[in-house]
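Some notes on the structure that comes next.
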Amino acid sequence: MLMFSNTSICREMLFVHGKKINKMFGTVVVGVGIAGLARIRDLMNPMPSSPSEHLKLFGFVSRRSFGNINEVKQINLEDALRSKEIHAAFISTENRSHEETIRMFLEAGKHVLVEYPMALSAKAAHELCEMAEQKGKVLHVEHIELLTEEYKQLKKEVAGKDLVKGTLHFTGSVLDENKTGFPAFSGIARLTWLIDLFGDLTVTSATREKQKDKNYSRMTVHFQTANKKPLTWIEERGPGMRREKKINFCFTSGCLENFPQAPRSAVGLFMQDQNLFAKKLLGQVSKEELAAEKWRILRCLDLAEEIQQHCEQPEKICS
């Protein structure tokens, strides 16, 4: 059974044949951009009496030379992979390097938390999941978009209603696709919303307009739900575009055009995600929940790849 101490660093207390074993999970953060710095912050300041108190940060890895960040030491990648004190890696690098970095840490026998998307191809994502299962390691993909109060309220509002049609339109600033990947992958948070809200989807068409001289891009994807209802996802980016999501979901009972009011969460999104990862390490997440999450993540990546293939057909591209 699981019990928790009241010490400043909470430990998992495993009772095996009457013997008490303390267990902590040593961690390393790989990549120190915005997400990586947030990971360091939350690992250094876990919520009291939360699963995160079972995580101990040993250092961070970066291609740049920092020395220390907030008293956390920089270590090289090879040492992180070899260290017996490090059991899990938090991967917060650019999207393009996720696949390779996950493979290295799984090969080294480490658990992995990675920011979305897990990989920039569906085949690679399936391989990584299989690899984690074969090695008996947790491969957790961050999807904090599902943890926002805004989304939680939206899901409550949508629950039990019969969809007639809907549109999710995202706008944002320009991304470097050499680092972030095709928009269906870099924007997979929106696709995750649609799958989580409305169930499995089928791509009926996908196009992409690019105006290279203006650094502008607009991807438009049309889906059908299992009940043959139409859904549209628009991912639009250009210089100076405000980061914003707009919805227009119509049901038999009426249309939802604005996000419902949502309270501010007392717990940060990365901390919520970190707690979920720690719960998985502690075996506190059911097999059913794990299977449903795996299906959703892989299904979204399968659809992202299918969307990219549609958009990259010559007749589908507008220049």
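Residue names in the structure tokens use chain letters A, B, ... in the order shown, residue numbers from 1 in each chain, and ligand numbers from 1 in the order shown.
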
Show which residues sit within 12 Å of Ala125 in chain A, as a PyMOL selection string. Count only C-alpha atoms, and ignore same-chain residues fewer than 4 positions away. chain A and resi 98-100+102-103+114+116-121+129-132+139-141+185+294-295+297-302+304-305

Mind checking DSSP for range 142-318 of chain A and telling me the strand (DSSP E or B) residues as an MDAnalysis selection string? chainID A and resid 142 163:172 201:211 216:225 230:237 244:251 254:256 317:318
